[in-house]
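As provided, run14.cif (mmCIF, N, CA and C atoms) reads as follows.
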data_entry
#
loop_
_atom_site.label_atom_id
_atom_site.label_comp_id
_atom_site.auth_asym_id
_atom_site.auth_seq_id
_atom_site.Cartn_x
_atom_site.Cartn_y
_atom_site.Cartn_z
N MET O 1 100.76 143.34 102.60
CA MET O 1 101.80 142.64 101.88
C MET O 1 103.16 143.20 102.28
N SER O 2 104.13 142.33 102.32
CA SER O 2 105.47 142.76 102.70
C SER O 2 106.24 143.26 101.48
N GLU O 3 107.28 143.99 101.75
CA GLU O 3 108.16 144.48 100.68
C GLU O 3 108.75 143.31 99.89
N HIS O 4 109.02 142.22 100.58
CA HIS O 4 109.56 141.02 99.93
C HIS O 4 108.60 140.52 98.84
N TYR O 5 107.30 140.48 99.16
CA TYR O 5 106.31 140.04 98.20
C TYR O 5 106.30 140.94 96.97
N TRP O 6 106.29 142.25 97.19
CA TRP O 6 106.22 143.19 96.06
C TRP O 6 107.48 143.08 95.20
N LYS O 7 108.62 142.87 95.85
CA LYS O 7 109.87 142.69 95.10
C LYS O 7 109.78 141.44 94.22
N LYS O 8 109.26 140.36 94.76
CA LYS O 8 109.15 139.10 94.00
C LYS O 8 108.19 139.26 92.82
N LEU O 9 107.08 139.96 93.02
CA LEU O 9 106.14 140.19 91.91
C LEU O 9 106.80 141.02 90.82
N GLY O 10 107.55 142.03 91.20
CA GLY O 10 108.28 142.84 90.22
C GLY O 10 109.31 142.03 89.46
N GLU O 11 110.02 141.15 90.16
CA GLU O 11 111.01 140.29 89.51
C GLU O 11 110.34 139.32 88.53
N ARG O 12 109.20 138.79 88.94
CA ARG O 12 108.47 137.87 88.06
C ARG O 12 108.00 138.58 86.79
N ALA O 13 107.51 139.80 86.95
CA ALA O 13 107.09 140.58 85.77
C ALA O 13 108.27 140.81 84.84
N ALA O 14 109.42 141.14 85.40
CA ALA O 14 110.61 141.37 84.58
C ALA O 14 111.01 140.10 83.83
N GLN O 15 110.90 138.94 84.47
CA GLN O 15 111.23 137.68 83.82
C GLN O 15 110.29 137.39 82.66
N VAL O 16 109.01 137.57 82.88
CA VAL O 16 108.02 137.31 81.83
C VAL O 16 108.25 138.25 80.66
N LEU O 17 108.49 139.52 80.95
CA LEU O 17 108.64 140.50 79.89
C LEU O 17 110.00 140.43 79.20
N ALA O 18 110.96 139.76 79.81
CA ALA O 18 112.29 139.61 79.19
C ALA O 18 112.26 138.65 78.01
N GLN O 19 111.25 137.81 77.95
CA GLN O 19 111.11 136.90 76.82
C GLN O 19 110.50 137.68 75.67
N PRO O 20 111.20 137.79 74.53
CA PRO O 20 110.68 138.60 73.42
C PRO O 20 109.34 138.09 72.89
N VAL O 21 109.19 136.81 72.84
CA VAL O 21 107.92 136.19 72.45
C VAL O 21 107.74 134.97 73.33
N PRO O 22 106.53 134.58 73.60
CA PRO O 22 106.35 133.37 74.40
C PRO O 22 107.01 132.18 73.72
N PRO O 23 107.68 131.31 74.49
CA PRO O 23 108.37 130.17 73.89
C PRO O 23 107.44 129.19 73.20
N ALA O 24 106.20 129.14 73.62
CA ALA O 24 105.22 128.25 72.99
C ALA O 24 103.85 128.90 73.12
N PRO O 25 102.95 128.57 72.23
CA PRO O 25 101.60 129.14 72.34
C PRO O 25 100.99 128.85 73.72
N HIS O 26 100.29 129.80 74.23
CA HIS O 26 99.60 129.69 75.52
C HIS O 26 100.57 129.45 76.67
N SER O 27 101.76 130.03 76.60
CA SER O 27 102.75 129.81 77.64
C SER O 27 102.96 131.01 78.55
N VAL O 28 102.25 132.10 78.33
CA VAL O 28 102.40 133.26 79.21
C VAL O 28 101.75 132.91 80.54
N PRO O 29 102.54 132.92 81.63
CA PRO O 29 101.99 132.51 82.93
C PRO O 29 101.05 133.55 83.51
N SER O 30 100.19 133.09 84.36
CA SER O 30 99.29 133.99 85.07
C SER O 30 100.03 134.62 86.24
N PRO O 31 99.74 135.88 86.53
CA PRO O 31 100.34 136.51 87.70
C PRO O 31 99.65 136.10 89.01
N CYS O 32 98.63 135.28 88.93
CA CYS O 32 97.85 134.89 90.11
C CYS O 32 98.75 134.23 91.16
N VAL O 33 98.56 134.66 92.42
CA VAL O 33 99.28 134.07 93.55
C VAL O 33 98.29 133.51 94.58
N SER O 34 97.06 133.29 94.14
CA SER O 34 96.00 132.73 95.00
C SER O 34 95.72 133.58 96.23
N LEU O 35 95.83 134.87 96.07
CA LEU O 35 95.44 135.84 97.09
C LEU O 35 94.46 136.77 96.40
N CYS O 36 93.20 136.42 96.45
CA CYS O 36 92.18 137.15 95.70
C CYS O 36 91.46 138.13 96.63
N LEU O 37 91.85 139.38 96.53
CA LEU O 37 91.27 140.43 97.35
C LEU O 37 91.31 141.71 96.54
N MET O 38 90.15 142.19 96.12
CA MET O 38 90.10 143.39 95.29
C MET O 38 90.32 144.64 96.15
N HIS O 39 91.25 145.46 95.70
CA HIS O 39 91.53 146.73 96.38
C HIS O 39 90.42 147.70 95.98
N PRO O 40 89.67 148.23 96.93
CA PRO O 40 88.49 149.03 96.59
C PRO O 40 88.78 150.31 95.81
N SER O 41 89.85 151.01 96.11
CA SER O 41 90.08 152.26 95.40
C SER O 41 90.93 152.08 94.15
N ALA O 42 91.82 151.11 94.13
CA ALA O 42 92.69 150.91 92.97
C ALA O 42 91.96 150.15 91.86
N GLY O 43 91.05 149.26 92.23
CA GLY O 43 90.31 148.52 91.22
C GLY O 43 91.02 147.28 90.71
N TRP O 44 92.05 146.84 91.41
CA TRP O 44 92.75 145.63 91.00
C TRP O 44 92.93 144.72 92.20
N CYS O 45 93.29 143.49 91.94
CA CYS O 45 93.50 142.50 92.97
C CYS O 45 94.78 142.82 93.73
N ASP O 46 94.74 142.74 95.06
CA ASP O 46 95.93 142.99 95.86
C ASP O 46 96.98 141.90 95.68
N GLY O 47 96.60 140.75 95.18
CA GLY O 47 97.55 139.66 94.98
C GLY O 47 98.32 139.75 93.68
N CYS O 48 97.59 139.92 92.58
CA CYS O 48 98.24 139.88 91.26
C CYS O 48 98.21 141.21 90.52
N LEU O 49 97.52 142.19 91.06
CA LEU O 49 97.41 143.53 90.47
C LEU O 49 96.70 143.54 89.12
N ARG O 50 95.81 142.57 88.91
CA ARG O 50 94.98 142.59 87.70
C ARG O 50 93.58 143.11 88.05
N THR O 51 92.92 143.67 87.05
CA THR O 51 91.54 144.13 87.22
C THR O 51 90.61 142.93 87.08
N LEU O 52 89.36 143.11 87.49
CA LEU O 52 88.38 142.02 87.34
C LEU O 52 88.23 141.57 85.88
N PRO O 53 88.14 142.50 84.91
CA PRO O 53 88.05 142.04 83.52
C PRO O 53 89.30 141.26 83.07
N GLU O 54 90.47 141.67 83.54
CA GLU O 54 91.69 140.95 83.18
C GLU O 54 91.70 139.55 83.78
N ILE O 55 91.25 139.44 85.02
CA ILE O 55 91.19 138.13 85.68
C ILE O 55 90.17 137.24 84.98
N GLY O 56 88.98 137.79 84.75
CA GLY O 56 87.91 137.02 84.14
C GLY O 56 88.20 136.58 82.72
N GLY O 57 88.95 137.38 81.97
CA GLY O 57 89.23 137.06 80.58
C GLY O 57 90.55 136.36 80.35
N TRP O 58 91.30 136.08 81.41
CA TRP O 58 92.65 135.53 81.26
C TRP O 58 92.67 134.24 80.44
N SER O 59 91.78 133.32 80.71
CA SER O 59 91.82 132.02 80.01
C SER O 59 91.50 132.15 78.52
N ARG O 60 90.82 133.21 78.14
CA ARG O 60 90.47 133.42 76.73
C ARG O 60 91.41 134.41 76.04
N ALA O 61 92.28 135.03 76.80
CA ALA O 61 93.16 136.07 76.25
C ALA O 61 94.27 135.45 75.40
N SER O 62 94.67 136.18 74.38
CA SER O 62 95.80 135.74 73.56
C SER O 62 97.09 135.99 74.35
N ASP O 63 98.17 135.39 73.88
CA ASP O 63 99.46 135.63 74.54
C ASP O 63 99.82 137.11 74.52
N GLU O 64 99.49 137.81 73.44
CA GLU O 64 99.78 139.24 73.35
C GLU O 64 98.98 140.02 74.40
N GLU O 65 97.73 139.65 74.58
CA GLU O 65 96.90 140.32 75.59
C GLU O 65 97.43 140.05 77.00
N LYS O 66 97.87 138.83 77.22
CA LYS O 66 98.42 138.48 78.54
C LYS O 66 99.70 139.26 78.81
N ARG O 67 100.55 139.35 77.80
CA ARG O 67 101.79 140.12 77.97
C ARG O 67 101.47 141.60 78.22
N ALA O 68 100.42 142.10 77.60
CA ALA O 68 100.02 143.49 77.82
C ALA O 68 99.64 143.72 79.29
N VAL O 69 99.03 142.73 79.90
CA VAL O 69 98.71 142.84 81.33
C VAL O 69 100.00 142.85 82.15
N TRP O 70 100.93 141.95 81.81
CA TRP O 70 102.21 141.91 82.52
C TRP O 70 102.95 143.25 82.37
N VAL O 71 102.83 143.91 81.23
CA VAL O 71 103.48 145.21 81.03
C VAL O 71 102.96 146.22 82.04
N GLN O 72 101.69 146.13 82.39
CA GLN O 72 101.08 147.09 83.31
C GLN O 72 101.42 146.81 84.78
N ILE O 73 101.80 145.59 85.09
CA ILE O 73 102.02 145.22 86.49
C ILE O 73 103.12 146.03 87.16
N PRO O 74 104.29 146.26 86.55
CA PRO O 74 105.30 147.08 87.25
C PRO O 74 104.81 148.48 87.62
N GLU O 75 104.05 149.12 86.74
CA GLU O 75 103.52 150.45 87.06
C GLU O 75 102.48 150.36 88.17
N ARG O 76 101.64 149.35 88.12
CA ARG O 76 100.66 149.16 89.18
C ARG O 76 101.36 148.85 90.50
N LEU O 77 102.44 148.12 90.41
CA LEU O 77 103.22 147.81 91.61
C LEU O 77 103.77 149.09 92.23
N ARG O 78 104.29 149.98 91.42
CA ARG O 78 104.79 151.27 91.94
C ARG O 78 103.65 152.06 92.60
N LYS O 79 102.49 152.08 91.94
CA LYS O 79 101.34 152.79 92.52
C LYS O 79 100.88 152.14 93.80
N ARG O 80 100.87 150.80 93.83
CA ARG O 80 100.42 150.08 95.02
C ARG O 80 101.35 150.34 96.18
N GLN O 81 102.64 150.35 95.94
CA GLN O 81 103.60 150.59 97.02
C GLN O 81 103.48 152.02 97.55
N ALA O 82 103.05 152.94 96.70
CA ALA O 82 102.91 154.34 97.12
C ALA O 82 101.63 154.57 97.92
N MET O 83 100.71 153.63 97.86
CA MET O 83 99.42 153.79 98.56
C MET O 83 99.57 153.64 100.06
#

Do you think you could lay out the structure here as structure tokens?
Amino acid sequence: MSEHYWKKLGERAAQVLAQPVPPAPHSVPSPCVSLCLMHPSAGWCDGCLRTLPEIGGWSRASDEEKRAVWVQIPERLRKRQAM
């Protein structure tokens, strides 16, 4: 992945998290970018930086649970860039 991609993912996370509450029920967007490749040592997808349980449970997750995943993405992004 290029630095441009990682910057865009970080910006998207900041936008999602800047909203104090979702504007409407079930409106928290998925971080999926249709690049599904699990990183073997990190345990998350190289595209969206979610774990398999987070990906599998996304459609059933509450908005609060989805936002909790978005909260973790910037830290995972920092770790991913350091790898």

- Task: Any chance you could resolve the PyMOL selection byres (((chain O and resi 54 and name CA) around 12) and name CA) against this file and give the residues as JSON, numbers by chain?
- Result: {"O": [30, 31, 32, 43, 44, 45, 48, 49, 50, 51, 52, 53, 55, 56, 57, 58, 59, 60, 61, 62, 65, 66, 67, 68, 69, 70, 72, 73]}

- In Å and to one decimal, atom N of O:Ser41 is distant from atom N of O:Trp6 by 18.7 Å

Explicit residues for the PyMOL selection byres (((chain O and resi 14 and name CA) around 12) and name CA) (as a short mmCIF file (atom, residue, chain, number, x, y, z; two decimals) with N, CA and C atoms, in the frame of the given file):
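Writing the result to result-v9.cif gives the following:
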data_model
loop_
_atom_site.label_atom_id
_atom_site.label_comp_id
_atom_site.auth_asym_id
_atom_site.auth_seq_id
_atom_site.Cartn_x
_atom_site.Cartn_y
_atom_site.Cartn_z
N LYS O 7 108.62 142.87 95.85
CA LYS O 7 109.87 142.69 95.10
C LYS O 7 109.78 141.44 94.22
N LYS O 8 109.26 140.36 94.76
CA LYS O 8 109.15 139.10 94.00
C LYS O 8 108.19 139.26 92.82
N LEU O 9 107.08 139.96 93.02
CA LEU O 9 106.14 140.19 91.91
C LEU O 9 106.80 141.02 90.82
N GLY O 10 107.55 142.03 91.20
CA GLY O 10 108.28 142.84 90.22
C GLY O 10 109.31 142.03 89.46
N GLU O 11 110.02 141.15 90.16
CA GLU O 11 111.01 140.29 89.51
C GLU O 11 110.34 139.32 88.53
N ARG O 12 109.20 138.79 88.94
CA ARG O 12 108.47 137.87 88.06
C ARG O 12 108.00 138.58 86.79
N ALA O 13 107.51 139.80 86.95
CA ALA O 13 107.09 140.58 85.77
C ALA O 13 108.27 140.81 84.84
N GLN O 15 110.90 138.94 84.47
CA GLN O 15 111.23 137.68 83.82
C GLN O 15 110.29 137.39 82.66
N VAL O 16 109.01 137.57 82.88
CA VAL O 16 108.02 137.31 81.83
C VAL O 16 108.25 138.25 80.66
N LEU O 17 108.49 139.52 80.95
CA LEU O 17 108.64 140.50 79.89
C LEU O 17 110.00 140.43 79.20
N ALA O 18 110.96 139.76 79.81
CA ALA O 18 112.29 139.61 79.19
C ALA O 18 112.26 138.65 78.01
N GLN O 19 111.25 137.81 77.95
CA GLN O 19 111.11 136.90 76.82
C GLN O 19 110.50 137.68 75.67
N PRO O 20 111.20 137.79 74.53
CA PRO O 20 110.68 138.60 73.42
C PRO O 20 109.34 138.09 72.89
N PRO O 31 99.74 135.88 86.53
CA PRO O 31 100.34 136.51 87.70
C PRO O 31 99.65 136.10 89.01
N ARG O 67 100.55 139.35 77.80
CA ARG O 67 101.79 140.12 77.97
C ARG O 67 101.47 141.60 78.22
N TRP O 70 100.93 141.95 81.81
CA TRP O 70 102.21 141.91 82.52
C TRP O 70 102.95 143.25 82.37
N VAL O 71 102.83 143.91 81.23
CA VAL O 71 103.48 145.21 81.03
C VAL O 71 102.96 146.22 82.04
N GLN O 72 101.69 146.13 82.39
CA GLN O 72 101.08 147.09 83.31
C GLN O 72 101.42 146.81 84.78
N ILE O 73 101.80 145.59 85.09
CA ILE O 73 102.02 145.22 86.49
C ILE O 73 103.12 146.03 87.16
N PRO O 74 104.29 146.26 86.55
CA PRO O 74 105.30 147.08 87.25
C PRO O 74 104.81 148.48 87.62
N GLU O 75 104.05 149.12 86.74
CA GLU O 75 103.52 150.45 87.06
C GLU O 75 102.48 150.36 88.17
#

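The gap separating atom CA of O:Leu77 from atom CA of O:Asp63 is 21.3 Å, in Å to one decimal.
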
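Atom CA of O:Gly47 is found 17.7 Å from atom CA of O:Val28.
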
- Pull the strand (DSSP E or B) assignments for chain O out of DSSP run on the backbone, and list those residues as number ranges by chain. O: 38, 44-45, 51

Can you complete the atoms of stretch 54-65 of chain O to all heavy atoms and list them as a PDB file, in the frame of the given file?
ATOM      1  N   GLU O  54      90.470 141.670  83.540  1.00  0.00           N
ATOM      2  CA  GLU O  54      91.690 140.950  83.180  1.00  0.00           C
ATOM      3  C   GLU O  54      91.700 139.550  83.780  1.00  0.00           C
ATOM      4  O   GLU O  54      92.093 138.586  83.116  1.00  0.00           O
ATOM      5  CB  GLU O  54      92.925 141.736  83.644  1.00  0.00           C
ATOM      6  CG  GLU O  54      93.138 143.003  82.866  1.00  0.00           C
ATOM      7  CD  GLU O  54      94.144 143.948  83.495  1.00  0.00           C
ATOM      8  OE1 GLU O  54      94.528 143.772  84.677  1.00  0.00           O
ATOM      9  OE2 GLU O  54      94.544 144.901  82.789  1.00  0.00           O
ATOM     10  N   ILE O  55      91.250 139.440  85.020  1.00  0.00           N
ATOM     11  CA  ILE O  55      91.190 138.130  85.680  1.00  0.00           C
ATOM     12  C   ILE O  55      90.170 137.240  84.980  1.00  0.00           C
ATOM     13  O   ILE O  55      90.456 136.097  84.637  1.00  0.00           O
ATOM     14  CB  ILE O  55      90.849 138.288  87.176  1.00  0.00           C
ATOM     15  CG1 ILE O  55      91.993 138.993  87.901  1.00  0.00           C
ATOM     16  CG2 ILE O  55      90.543 136.929  87.812  1.00  0.00           C
ATOM     17  CD1 ILE O  55      91.633 139.475  89.305  1.00  0.00           C
ATOM     18  N   GLY O  56      88.980 137.790  84.750  1.00  0.00           N
ATOM     19  CA  GLY O  56      87.910 137.020  84.140  1.00  0.00           C
ATOM     20  C   GLY O  56      88.200 136.580  82.720  1.00  0.00           C
ATOM     21  O   GLY O  56      87.759 135.522  82.275  1.00  0.00           O
ATOM     22  N   GLY O  57      88.950 137.380  81.970  1.00  0.00           N
ATOM     23  CA  GLY O  57      89.230 137.060  80.580  1.00  0.00           C
ATOM     24  C   GLY O  57      90.550 136.360  80.350  1.00  0.00           C
ATOM     25  O   GLY O  57      90.901 136.058  79.203  1.00  0.00           O
ATOM     26  N   TRP O  58      91.300 136.080  81.410  1.00  0.00           N
ATOM     27  CA  TRP O  58      92.650 135.530  81.260  1.00  0.00           C
ATOM     28  C   TRP O  58      92.670 134.240  80.440  1.00  0.00           C
ATOM     29  O   TRP O  58      93.498 134.080  79.544  1.00  0.00           O
ATOM     30  CB  TRP O  58      93.282 135.281  82.630  1.00  0.00           C
ATOM     31  CG  TRP O  58      94.742 134.974  82.518  1.00  0.00           C
ATOM     32  CD1 TRP O  58      95.312 133.742  82.517  1.00  0.00           C
ATOM     33  CD2 TRP O  58      95.805 135.913  82.360  1.00  0.00           C
ATOM     34  NE1 TRP O  58      96.674 133.848  82.385  1.00  0.00           N
ATOM     35  CE2 TRP O  58      97.000 135.177  82.287  1.00  0.00           C
ATOM     36  CE3 TRP O  58      95.869 137.298  82.280  1.00  0.00           C
ATOM     37  CZ2 TRP O  58      98.243 135.787  82.137  1.00  0.00           C
ATOM     38  CZ3 TRP O  58      97.108 137.894  82.139  1.00  0.00           C
ATOM     39  CH2 TRP O  58      98.268 137.151  82.054  1.00  0.00           C
ATOM     40  N   SER O  59      91.780 133.320  80.710  1.00  0.00           N
ATOM     41  CA  SER O  59      91.820 132.020  80.010  1.00  0.00           C
ATOM     42  C   SER O  59      91.500 132.150  78.520  1.00  0.00           C
ATOM     43  O   SER O  59      91.901 131.305  77.734  1.00  0.00           O
ATOM     44  CB  SER O  59      90.872 131.025  80.681  1.00  0.00           C
ATOM     45  OG  SER O  59      89.538 131.476  80.561  1.00  0.00           O
ATOM     46  N   ARG O  60      90.820 133.210  78.140  1.00  0.00           N
ATOM     47  CA  ARG O  60      90.470 133.420  76.730  1.00  0.00           C
ATOM     48  C   ARG O  60      91.410 134.410  76.040  1.00  0.00           C
ATOM     49  O   ARG O  60      91.332 134.603  74.833  1.00  0.00           O
ATOM     50  CB  ARG O  60      89.036 133.934  76.623  1.00  0.00           C
ATOM     51  CG  ARG O  60      87.993 132.947  77.094  1.00  0.00           C
ATOM     52  CD  ARG O  60      86.575 133.496  77.008  1.00  0.00           C
ATOM     53  NE  ARG O  60      86.374 134.791  77.659  1.00  0.00           N
ATOM     54  CZ  ARG O  60      86.183 134.976  78.963  1.00  0.00           C
ATOM     55  NH1 ARG O  60      86.183 133.950  79.775  1.00  0.00           N
ATOM     56  NH2 ARG O  60      85.985 136.179  79.448  1.00  0.00           N
ATOM     57  N   ALA O  61      92.280 135.030  76.800  1.00  0.00           N
ATOM     58  CA  ALA O  61      93.160 136.070  76.250  1.00  0.00           C
ATOM     59  C   ALA O  61      94.270 135.450  75.400  1.00  0.00           C
ATOM     60  O   ALA O  61      94.756 134.354  75.690  1.00  0.00           O
ATOM     61  CB  ALA O  61      93.762 136.888  77.381  1.00  0.00           C
ATOM     62  N   SER O  62      94.670 136.180  74.380  1.00  0.00           N
ATOM     63  CA  SER O  62      95.800 135.740  73.560  1.00  0.00           C
ATOM     64  C   SER O  62      97.090 135.990  74.350  1.00  0.00           C
ATOM     65  O   SER O  62      97.104 136.713  75.349  1.00  0.00           O
ATOM     66  CB  SER O  62      95.845 136.542  72.260  1.00  0.00           C
ATOM     67  OG  SER O  62      96.164 137.899  72.537  1.00  0.00           O
ATOM     68  N   ASP O  63      98.170 135.390  73.880  1.00  0.00           N
ATOM     69  CA  ASP O  63      99.460 135.630  74.540  1.00  0.00           C
ATOM     70  C   ASP O  63      99.820 137.110  74.520  1.00  0.00           C
ATOM     71  O   ASP O  63     100.367 137.634  75.491  1.00  0.00           O
ATOM     72  CB  ASP O  63     100.573 134.811  73.865  1.00  0.00           C
ATOM     73  CG  ASP O  63     100.501 133.332  74.225  1.00  0.00           C
ATOM     74  OD1 ASP O  63      99.843 132.978  75.229  1.00  0.00           O
ATOM     75  OD2 ASP O  63     101.112 132.526  73.503  1.00  0.00           O
ATOM     76  N   GLU O  64      99.490 137.810  73.440  1.00  0.00           N
ATOM     77  CA  GLU O  64      99.780 139.240  73.350  1.00  0.00           C
ATOM     78  C   GLU O  64      98.980 140.020  74.400  1.00  0.00           C
ATOM     79  O   GLU O  64      99.502 140.944  75.019  1.00  0.00           O
ATOM     80  CB  GLU O  64      99.476 139.766  71.945  1.00  0.00           C
ATOM     81  CG  GLU O  64     100.387 139.224  70.867  1.00  0.00           C
ATOM     82  CD  GLU O  64     100.014 137.807  70.404  1.00  0.00           C
ATOM     83  OE1 GLU O  64      98.861 137.356  70.632  1.00  0.00           O
ATOM     84  OE2 GLU O  64     100.891 137.124  69.853  1.00  0.00           O
ATOM     85  N   GLU O  65      97.730 139.650  74.580  1.00  0.00           N
ATOM     86  CA  GLU O  65      96.900 140.320  75.590  1.00  0.00           C
ATOM     87  C   GLU O  65      97.430 140.050  77.000  1.00  0.00           C
ATOM     88  O   GLU O  65      97.446 140.934  77.851  1.00  0.00           O
ATOM     89  CB  GLU O  65      95.451 139.866  75.464  1.00  0.00           C
ATOM     90  CG  GLU O  65      94.779 140.349  74.192  1.00  0.00           C
ATOM     91  CD  GLU O  65      93.456 139.660  73.910  1.00  0.00           C
ATOM     92  OE1 GLU O  65      93.298 138.458  74.214  1.00  0.00           O
ATOM     93  OE2 GLU O  65      92.557 140.344  73.375  1.00  0.00           O
TER      94      GLU O  65
END
